[in-house]
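Q: Let me give you the structure first, and then I'll get to my questions.
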Amino acid sequence: MKKIIIFITALYISFSFSSCADFLDVDKYFYDMLSVDSAFSKRVYVDGWLSNTYDYLKKDNLSEMNSRFMWASDDLVSIDGKSLQNCNYSANSFPIYEDLLRRAYECVRKSSTFIDKVGECKEMSLEDIADMKGQARFLRAFAYWSLLRTFGPVPLIPEHGLDVSLSYEELSLPRAKFDEIIDFIDQDLIIAARNMPTGRTINNFGRPTRGAALALRARVLLYAASPLCNGNKDFFNVKNNDGSQLYNQEYDESKWARAAAAAEDVINLNRYTLHVVEPKQTVADYERPPYHEIYSNENFPNGWKNIDPYYSYKYIFDGTIRGSQNPELIFTRTRSVDGYGVENFFNKPSIPKTGKGGNKIGVTQKMVDAYYMNNGQTIEEAEVTGYYVKTGFTATANDPANMNGAPYMKAGVSLMYSKREPRFYASIAFNGAVWECQSSSVVSEKNFQCWYYRDEADGKLGFKEDCPLSGVGLKKYYNVEDSYSEGGYRTNKSEPTIRYAEILLIYAEALNELTEGQTYHAKTYNDQDVEIKRDSEKMREVIKPIRMRAGLPDFGNDIYDNPRNFREKLKKERQIELIAENSFRFFDLRRWKDALEEENQPLMGCNINISKDDDARQAFYTPTVVTSIPKIFLKKMYLWPFPTAELKRNVNLTQNPEW
């Protein structure tokens with residue numbers, strides 16, 4: 001039967017979609033005069049079709065990095081996330097997620113059409129066709145993944161289009177079962193991995209590879225194995241109109257083995273490694289982690305003797321190293337994101353007003369407290385030993401009281417920020433941190449110490465809260481050259497959409513959840529049988545390099561051998577290592593079912609109403625509720641509501657519970 005499919009040539013057509021466009025029925029628009037057959041008659045048209053399909057990865061929420069969910073958890077604070085933090089939204093509001101439905105399903109349908117028709121192009125080799133089909137499958141899987149993690153089970157579009165001879169009611173599709181969607185995504189990514197190359201030329205950097213498909217597969221399967229989706233009886237009433245349950249109510253431990261095997265596939269490519277740099281010869285020794293009798297004398301990955309932990313982590317994000325030269329980067333959307341991405345979503349909003357930035361992204365006190373001390377102790381442990389202090393300030397930039405914190409701290413900085421692990425200084429803009437902004441031509445806007453005290457240039461002025469609401473900023477994507485001042489410029493940065501450290505964390509987490517002594521059999525992407533079981537040494541092999549890169553001692557056997565202890569450390573490691581990446585914290589707390597506890601705590605920060613000149617300036621650092629953004633989490637918030645307008649269009653679509 002006849003099928004109607006969208007086609008846009010990216011080079012020639014520009015169209016603005018209505019916010020109430022139908023997502024799940026037949027298309028009501030034709031965007032050029034080419035028939036589907038002629039659209040695949042020439043290589044140039046085929047390239048245009050696939051390029052346009054990539055367009056759907058660009059903007060808010062289908063992108064891993066641009067989602068407003070980034071501001072909706074317990075680690076970062078932005079006024080842009082206020083309605084998400086306090087559940088001030090409903091099925092009738094927040095149209096941005098109606099846009100997510102539209103864009104994702106357009107991506108699905110364009111990808112499906114491409115997979116069906118690209119083989120008809122006589123100007124392409126079989127190898128090119130296989131590769132491009134793999135890219136389309138990756139994009140389709142990415143679109144379904146974006147929908148699944150947001151709304152839960154969604155309708156699965158038939159692979160070969162919709163029959164336009166059917167009535168509107170017959171075209172309306174019910175939600176597919178969660179496991180069915182996971183299997184569909186899994187199969188798409190397996191086929192994509194088999195057909196795409198292991199690497200790309202620089203001109204094609206940003207297109208997925210075999211590693212990208214396998215890495216996304218590991219991410220998706222970890223989500224499927226997690227408590228939210230694996231035997232979660234709280235989802236007993238997520239059903240279709242016929243009463244069929246969309247989530248399996250029985251826990252299946254083998255799903256963790258499946259996720260571990262998927263991560264192992266990426267590791268076994270032997271293509272990716274953690275990014276490290278050699279110690280800076282021009283920097284004094286006091287910048288390195290404190291001496292450790294084991295790790296200070298061993299080369300990476302067994303120690304940090306031959307690497308610089310601070311710059312090894314920092315350079316991944318700040319543009320110092322190009323993405324194409326970063327051995328840790330598995331997939332990135334590059335810079336073709338039309339004003340979105342790292343610079344406008346993170347960098348500009350993070351830079352203080354003095355550097356002509358947005359000055360509005362805050363880091364919560366909970367996140368600040370999550371970082372380890374530079375000797376590997378938690379702040380709770382270090383407070384007992386006296387290594388962590390909450391009061392007092394540095395007298396000079398080289399105050400001995402800093403004890404290895406001196407390179408990152410000038411005079412007047414709270415000692416609570418001293419002696420922290422290198423990732424802290426690479427990511428957190430504490431009160432009194434230096435912003436170099438070296439490209440600025442304005443002397444007063446270079447190498448300034450940024451203060452978030454009340455009435456300071458970058459602090460709260462009057463009743464305006466145009467500053468980080470927690471009194472702590474974000475520095476993760478900032479480069480010392482970056483400035484929005486006169487004459488200033490910014491370094492180009494590669495978005496860390498998927499990087500190798502995440503895969504190592506996935507592998508360790510999945511192995512940890514397997515019952516000791518239980519062996520599972522799983523299939524690799526190329527259909528080889530592998531045995532998967534909980535293995536403390538394999539867990540150590542992937543977690544230890546992350547710790548060494550951070551200049552922190554490895555965990556002891558009491559952690560690796562105890563699933564409960566390791567789970568606690570693993571969650572903390574993800575929180576720190578992956579801050580401000582891909583809304584990880586938002587979705588981690590949900591997939592672990594920790595959000596009901598962790599996100600029902602008020603957002604805490606410093607007291608931004610305290611002046612630097614106050615005799616009691618220490619009070620600035622007293623943990624204070626961020627009153628501008630009330631925090632609440634309800635069970636229904638584990639899944640996003642479908643827009644009411646879409647429920648009216650699709651009579652077979654059911655709403656998520658309590659919405």
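Residue names in the structure tokens use chain letters A, B, ... in the order shown, residue numbers from 1 in each chain, and ligand numbers from 1 in the order shown.
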Using only C-alpha atoms, determine which residues lie at most 9 Å from Tyr477 in chain A, disregarding the query and same-chain residues fewer than 6 positions distant; provide the list as a ChimeraX atom specification.
A: /A:314,316-319,342-343,346-347,350,426-427,493
Q: With C-alpha atoms kept, could you save the residues just selected as a short mmCIF file (atom, residue, chain, number, x, y, z; two decimals), in the first residue's frame?
A:
data_model
loop_
_atom_site.label_atom_id
_atom_site.label_comp_id
_atom_site.auth_asym_id
_atom_site.auth_seq_id
_atom_site.Cartn_x
_atom_site.Cartn_y
_atom_site.Cartn_z
CA LYS A 314 40.19 19.68 33.02
CA ILE A 316 38.65 17.03 28.48
CA PHE A 317 36.08 19.81 28.77
CA ASP A 318 37.72 23.20 28.33
CA GLY A 319 38.75 23.03 24.67
CA VAL A 342 28.52 23.61 25.54
CA GLU A 343 29.20 27.29 24.94
CA PHE A 346 27.19 26.06 30.08
CA ASN A 347 30.13 28.31 29.37
CA SER A 350 28.81 30.17 34.05
CA ALA A 426 38.58 21.80 37.61
CA SER A 427 34.80 22.02 38.03
CA LYS A 493 34.84 22.74 22.88
#
Q: List as a CSV table (one decimal) with N, CA, C and O atoms, in the first residue's frame the protein and nucleic acid residues near Ser324 in chain A, meaning an atom at most 12 Å away when only C-alpha atoms are counted, but skip any in the same chain fewer than 4 places from it.
A:
chain,number,residue,atom,x,y,z
A,199,GLY,N,36.2,4.2,13.3
A,199,GLY,CA,36.7,5.5,13.3
A,199,GLY,C,36.2,6.4,12.2
A,199,GLY,O,35.7,5.8,11.2
A,200,ARG,N,36.3,7.7,12.3
A,200,ARG,CA,35.9,8.6,11.2
A,200,ARG,C,37.0,9.6,10.9
A,200,ARG,O,37.9,9.8,11.7
A,201,THR,N,37.0,10.1,9.7
A,201,THR,CA,37.9,11.1,9.3
A,201,THR,C,37.5,12.4,10.1
A,201,THR,O,36.4,12.5,10.6
A,202,ILE,N,38.4,13.4,10.2
A,202,ILE,CA,38.1,14.6,10.9
A,202,ILE,C,36.9,15.3,10.2
A,202,ILE,O,36.1,15.9,10.9
A,203,ASN,N,36.8,15.2,8.9
A,203,ASN,CA,35.7,15.9,8.2
A,203,ASN,C,34.3,15.3,8.6
A,203,ASN,O,33.3,15.9,8.5
A,204,ASN,N,34.3,14.0,9.1
A,204,ASN,CA,33.1,13.4,9.5
A,204,ASN,C,33.0,13.2,11.0
A,204,ASN,O,32.2,12.4,11.5
A,205,PHE,N,33.9,13.9,11.7
A,205,PHE,CA,33.9,13.8,13.2
A,205,PHE,C,32.6,14.3,13.7
A,205,PHE,O,32.1,15.4,13.3
A,206,GLY,N,31.9,13.6,14.5
A,206,GLY,CA,30.6,13.9,15.0
A,206,GLY,C,29.6,12.9,14.5
A,206,GLY,O,28.4,12.9,15.0
A,207,ARG,N,29.9,12.2,13.5
A,207,ARG,CA,29.0,11.1,13.1
A,207,ARG,C,29.4,9.8,13.9
A,207,ARG,O,30.5,9.6,14.3
A,316,ILE,N,39.7,17.8,29.2
A,316,ILE,CA,38.7,17.0,28.5
A,316,ILE,C,37.5,18.0,28.1
A,316,ILE,O,36.9,17.8,27.0
A,319,GLY,N,38.3,22.7,26.0
A,319,GLY,CA,38.8,23.0,24.7
A,319,GLY,C,40.2,23.0,24.4
A,319,GLY,O,40.7,23.3,23.3
A,320,THR,N,41.0,22.7,25.5
A,320,THR,CA,42.5,22.6,25.3
A,320,THR,C,42.8,21.5,24.3
A,320,THR,O,43.7,21.7,23.5
A,328,GLU,N,39.4,9.6,24.9
A,328,GLU,CA,38.3,9.3,25.8
A,328,GLU,C,36.9,9.5,25.1
A,328,GLU,O,35.9,9.0,25.5
A,329,LEU,N,36.9,10.4,24.1
A,329,LEU,CA,35.6,10.8,23.6
A,329,LEU,C,35.1,9.8,22.6
A,329,LEU,O,35.7,9.5,21.6
A,330,ILE,N,33.9,9.3,22.8
A,330,ILE,CA,33.3,8.2,22.0
A,330,ILE,C,32.3,8.8,21.0
A,330,ILE,O,32.3,8.4,19.8
A,331,PHE,N,31.6,9.8,21.4
A,331,PHE,CA,30.6,10.5,20.5
A,331,PHE,C,30.4,11.9,21.0
A,331,PHE,O,30.3,12.2,22.2
A,332,THR,N,30.3,12.8,20.0
A,332,THR,CA,30.0,14.2,20.3
A,332,THR,C,29.2,14.7,19.1
A,332,THR,O,29.2,14.2,18.0
A,333,ARG,N,28.4,15.7,19.4
A,333,ARG,CA,27.6,16.4,18.4
A,333,ARG,C,28.3,17.4,17.7
A,333,ARG,O,27.8,18.1,16.8
A,334,THR,N,29.6,17.7,18.0
A,334,THR,CA,30.5,18.7,17.5
A,334,THR,C,29.8,20.1,17.7
A,334,THR,O,29.0,20.3,18.5
A,493,LYS,N,34.9,23.9,22.0
A,493,LYS,CA,34.8,22.7,22.9
A,493,LYS,C,34.0,21.6,22.3
A,493,LYS,O,33.0,21.9,21.6
A,494,SER,N,34.5,20.4,22.5
A,494,SER,CA,33.7,19.2,22.0
A,494,SER,C,32.8,18.7,23.1
A,494,SER,O,33.2,18.5,24.2
A,495,GLU,N,31.6,18.6,22.8
A,495,GLU,CA,30.6,18.2,23.8
A,495,GLU,C,30.8,16.7,24.1
A,495,GLU,O,30.9,15.8,23.3
A,496,PRO,N,31.0,16.4,25.4
A,496,PRO,CA,31.2,15.0,25.8
A,496,PRO,C,29.9,14.2,25.9
A,496,PRO,O,29.5,13.7,27.0
Q: Residues near Pro349 in chain A, anyone? I mean within 8 Å using only C-alpha atoms, not counting same-chain ones fewer than 6 positions away, as a PyMOL selection string.
A: chain A and resi 357-361
Q: Restricting it to all heavy atoms, dump the selection as a PDB file, in the first residue's frame.
A:
ATOM      1  N   GLY A 357      29.793  37.377  31.283  1.00  0.00           N
ATOM      2  CA  GLY A 357      29.032  36.142  31.140  1.00  0.00           C
ATOM      3  C   GLY A 357      27.667  36.255  31.797  1.00  0.00           C
ATOM      4  O   GLY A 357      27.279  37.312  32.305  1.00  0.00           O
ATOM      5  N   GLY A 358      26.928  35.156  31.811  1.00  0.00           N
ATOM      6  CA  GLY A 358      25.575  35.148  32.359  1.00  0.00           C
ATOM      7  C   GLY A 358      25.524  35.092  33.871  1.00  0.00           C
ATOM      8  O   GLY A 358      24.549  35.525  34.487  1.00  0.00           O
ATOM      9  N   ASN A 359      26.561  34.494  34.497  1.00  0.00           N
ATOM     10  CA  ASN A 359      26.687  34.509  35.956  1.00  0.00           C
ATOM     11  C   ASN A 359      25.474  33.897  36.655  1.00  0.00           C
ATOM     12  O   ASN A 359      25.030  34.393  37.684  1.00  0.00           O
ATOM     13  CB  ASN A 359      26.870  35.952  36.453  1.00  0.00           C
ATOM     14  CG  ASN A 359      27.455  36.023  37.854  1.00  0.00           C
ATOM     15  OD1 ASN A 359      28.428  35.346  38.163  1.00  0.00           O
ATOM     16  ND2 ASN A 359      26.866  36.846  38.704  1.00  0.00           N
ATOM     17  N   LYS A 360      24.926  32.780  36.119  1.00  0.00           N
ATOM     18  CA  LYS A 360      23.686  32.301  36.722  1.00  0.00           C
ATOM     19  C   LYS A 360      23.661  30.814  37.076  1.00  0.00           C
ATOM     20  O   LYS A 360      22.675  30.349  37.640  1.00  0.00           O
ATOM     21  CB  LYS A 360      22.505  32.617  35.813  1.00  0.00           C
ATOM     22  CG  LYS A 360      22.466  31.842  34.498  1.00  0.00           C
ATOM     23  CD  LYS A 360      21.195  32.208  33.730  1.00  0.00           C
ATOM     24  CE  LYS A 360      21.057  31.385  32.449  1.00  0.00           C
ATOM     25  NZ  LYS A 360      19.803  31.696  31.737  1.00  0.00           N
ATOM     26  N   ILE A 361      24.695  30.062  36.760  1.00  0.00           N
ATOM     27  CA  ILE A 361      24.676  28.640  37.112  1.00  0.00           C
ATOM     28  C   ILE A 361      25.323  28.449  38.470  1.00  0.00           C
ATOM     29  O   ILE A 361      26.461  28.848  38.697  1.00  0.00           O
ATOM     30  CB  ILE A 361      25.410  27.790  36.058  1.00  0.00           C
ATOM     31  CG1 ILE A 361      24.699  27.887  34.711  1.00  0.00           C
ATOM     32  CG2 ILE A 361      25.471  26.328  36.512  1.00  0.00           C
ATOM     33  CD1 ILE A 361      25.363  27.098  33.616  1.00  0.00           C
TER      34      ILE A 361
END
Q: Using only C-alpha atoms, determine which residues lie at most 6 Å from range 544-548 of chain A, disregarding the query and same-chain residues fewer than 3 positions distant; provide the list as a PDB file with C-alpha atoms, in the first residue's frame.
A:
ATOM      1  CA  PRO A 301      46.920   3.560  35.500  1.00  0.00           C
ATOM      2  CA  GLY A 303      49.307   5.524  40.076  1.00  0.00           C
ATOM      3  CA  TRP A 304      49.722   9.180  39.158  1.00  0.00           C
ATOM      4  CA  ARG A 540      38.820  -2.671  40.291  1.00  0.00           C
ATOM      5  CA  GLU A 541      40.374  -2.699  36.809  1.00  0.00           C
ATOM      6  CA  GLY A 551      44.762  11.717  42.043  1.00  0.00           C
ATOM      7  CA  LEU A 552      42.842   9.685  44.621  1.00  0.00           C
ATOM      8  CA  ASP A 554      41.999   3.249  45.134  1.00  0.00           C
TER       9      ASP A 554
END
Q: Would you kindly return, as a list in words, each protein, DNA or RNA residue with an atom no farther than 6 Å from any atom of range 132-147 of chain A, considering only C-alpha atoms and excluding same-chain residues fewer than 3 positions away?
A: Leu62, Ala104, Val108, Ser111, Ile115, Ile129, Thr150, Phe151, Ile185, Asp188, Leu189, Ala192, Asn195 and Met196 of chain A
Q: Would you please work out which residue, of A:Tyr272, A:Tyr295, A:Gly152, A:Trp49, is nearest to Leu246 in chain A when using only C-alpha atoms?
A: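 Once distances to Leu246 in chain A are computed over only C-alpha atoms, the minimum belongs to A:Gly152.
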Q: Assign secondary structure with DSSP using the backbone only, and return the residues of range 421-453 of chain A in alpha helix (DSSP H) as a PDB file with all heavy atoms, in the first residue's frame.
A:
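After the write, selection-v9.pdb holds the following:
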ATOM      1  N   PRO A 422      41.538  17.137  42.788  1.00  0.00           N
ATOM      2  CA  PRO A 422      41.708  17.960  41.578  1.00  0.00           C
ATOM      3  C   PRO A 422      40.428  18.199  40.786  1.00  0.00           C
ATOM      4  O   PRO A 422      40.263  19.271  40.201  1.00  0.00           O
ATOM      5  CB  PRO A 422      42.728  17.158  40.759  1.00  0.00           C
ATOM      6  CG  PRO A 422      43.540  16.433  41.790  1.00  0.00           C
ATOM      7  CD  PRO A 422      42.559  16.060  42.865  1.00  0.00           C
ATOM      8  N   ARG A 423      39.518  17.225  40.735  1.00  0.00           N
ATOM      9  CA  ARG A 423      38.292  17.424  39.972  1.00  0.00           C
ATOM     10  C   ARG A 423      37.455  18.571  40.539  1.00  0.00           C
ATOM     11  O   ARG A 423      36.687  19.207  39.808  1.00  0.00           O
ATOM     12  CB  ARG A 423      37.470  16.133  39.927  1.00  0.00           C
ATOM     13  CG  ARG A 423      38.090  15.038  39.079  1.00  0.00           C
ATOM     14  CD  ARG A 423      37.268  13.755  39.095  1.00  0.00           C
ATOM     15  NE  ARG A 423      37.185  13.161  40.425  1.00  0.00           N
ATOM     16  CZ  ARG A 423      36.641  11.967  40.695  1.00  0.00           C
ATOM     17  NH1 ARG A 423      36.133  11.245  39.713  1.00  0.00           N
ATOM     18  NH2 ARG A 423      36.610  11.505  41.928  1.00  0.00           N
ATOM     19  N   PHE A 424      37.586  18.816  41.826  1.00  0.00           N
ATOM     20  CA  PHE A 424      36.883  19.931  42.457  1.00  0.00           C
ATOM     21  C   PHE A 424      37.339  21.249  41.844  1.00  0.00           C
ATOM     22  O   PHE A 424      36.529  22.079  41.428  1.00  0.00           O
ATOM     23  CB  PHE A 424      37.144  19.917  43.964  1.00  0.00           C
ATOM     24  CG  PHE A 424      36.551  21.076  44.716  1.00  0.00           C
ATOM     25  CD1 PHE A 424      35.250  21.021  45.177  1.00  0.00           C
ATOM     26  CD2 PHE A 424      37.293  22.227  44.957  1.00  0.00           C
ATOM     27  CE1 PHE A 424      34.689  22.099  45.868  1.00  0.00           C
ATOM     28  CE2 PHE A 424      36.762  23.303  45.646  1.00  0.00           C
ATOM     29  CZ  PHE A 424      35.443  23.232  46.107  1.00  0.00           C
ATOM     30  N   TYR A 425      38.642  21.454  41.766  1.00  0.00           N
ATOM     31  CA  TYR A 425      39.179  22.710  41.255  1.00  0.00           C
ATOM     32  C   TYR A 425      38.969  22.858  39.748  1.00  0.00           C
ATOM     33  O   TYR A 425      38.920  23.972  39.226  1.00  0.00           O
ATOM     34  CB  TYR A 425      40.661  22.829  41.613  1.00  0.00           C
ATOM     35  CG  TYR A 425      40.883  22.824  43.101  1.00  0.00           C
ATOM     36  CD1 TYR A 425      41.410  21.703  43.751  1.00  0.00           C
ATOM     37  CD2 TYR A 425      40.519  23.915  43.884  1.00  0.00           C
ATOM     38  CE1 TYR A 425      41.585  21.686  45.125  1.00  0.00           C
ATOM     39  CE2 TYR A 425      40.690  23.903  45.258  1.00  0.00           C
ATOM     40  CZ  TYR A 425      41.219  22.788  45.880  1.00  0.00           C
ATOM     41  OH  TYR A 425      41.372  22.768  47.247  1.00  0.00           O
ATOM     42  N   ALA A 426      38.836  21.744  39.054  1.00  0.00           N
ATOM     43  CA  ALA A 426      38.581  21.796  37.610  1.00  0.00           C
ATOM     44  C   ALA A 426      37.114  22.083  37.295  1.00  0.00           C
ATOM     45  O   ALA A 426      36.793  22.448  36.162  1.00  0.00           O
ATOM     46  CB  ALA A 426      38.994  20.474  36.955  1.00  0.00           C
ATOM     47  N   SER A 427      36.236  21.933  38.285  1.00  0.00           N
ATOM     48  CA  SER A 427      34.799  22.016  38.027  1.00  0.00           C
ATOM     49  C   SER A 427      34.075  23.098  38.807  1.00  0.00           C
ATOM     50  O   SER A 427      33.063  23.619  38.341  1.00  0.00           O
ATOM     51  CB  SER A 427      34.134  20.667  38.346  1.00  0.00           C
ATOM     52  OG  SER A 427      34.727  19.607  37.627  1.00  0.00           O
TER      53      SER A 427
END
Q: A:Leu50, A:Ala72, A:Val472, A:Val625: which is nearest Gly459 in chain A, counting only C-alpha atoms?
A: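 Answer, going by the shortest atom-to-atom distance: A:Val472.
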Q: Could you pull out the strand (DSSP E) residues of range 501-627 of chain A, going by DSSP on the backbone, and write them as a ChimeraX atom specification?
A: /A:519-523,529-533,604-605,624-625
Q: Pick out the residues sitting within 12 Å of Asp183 in chain A, and hand them over as a ChimeraX atom specification; count only C-alpha atoms, and ignore anything fewer than 2 positions along from it in its own chain.
A: /A:141,144-145,156,176-181,185-190,217,220-221,224,255,258
Q: To one decimal place in Å, what is the distance between CA of Ser93 in chain A and CA of Asn52 in chain A?
A: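 If I compute the distance from CA of Ser93 in chain A to CA of Asn52 in chain A, I get 28.8 Å.
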Q: Just the residues within 8 Å of Leu228 in chain A, please, counting only C-alpha atoms, with nothing from its chain fewer than 6 positions along; format it as a ChimeraX atom specification.
A: /A:590-593
Q: With distances taken over only C-alpha atoms, which of A:Asn492, A:Ser628, A:Thr385, A:Ser112 is nearest to Ser78 in chain A?
A: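 Once distances to Ser78 in chain A are computed over only C-alpha atoms, the minimum belongs to A:Ser628.
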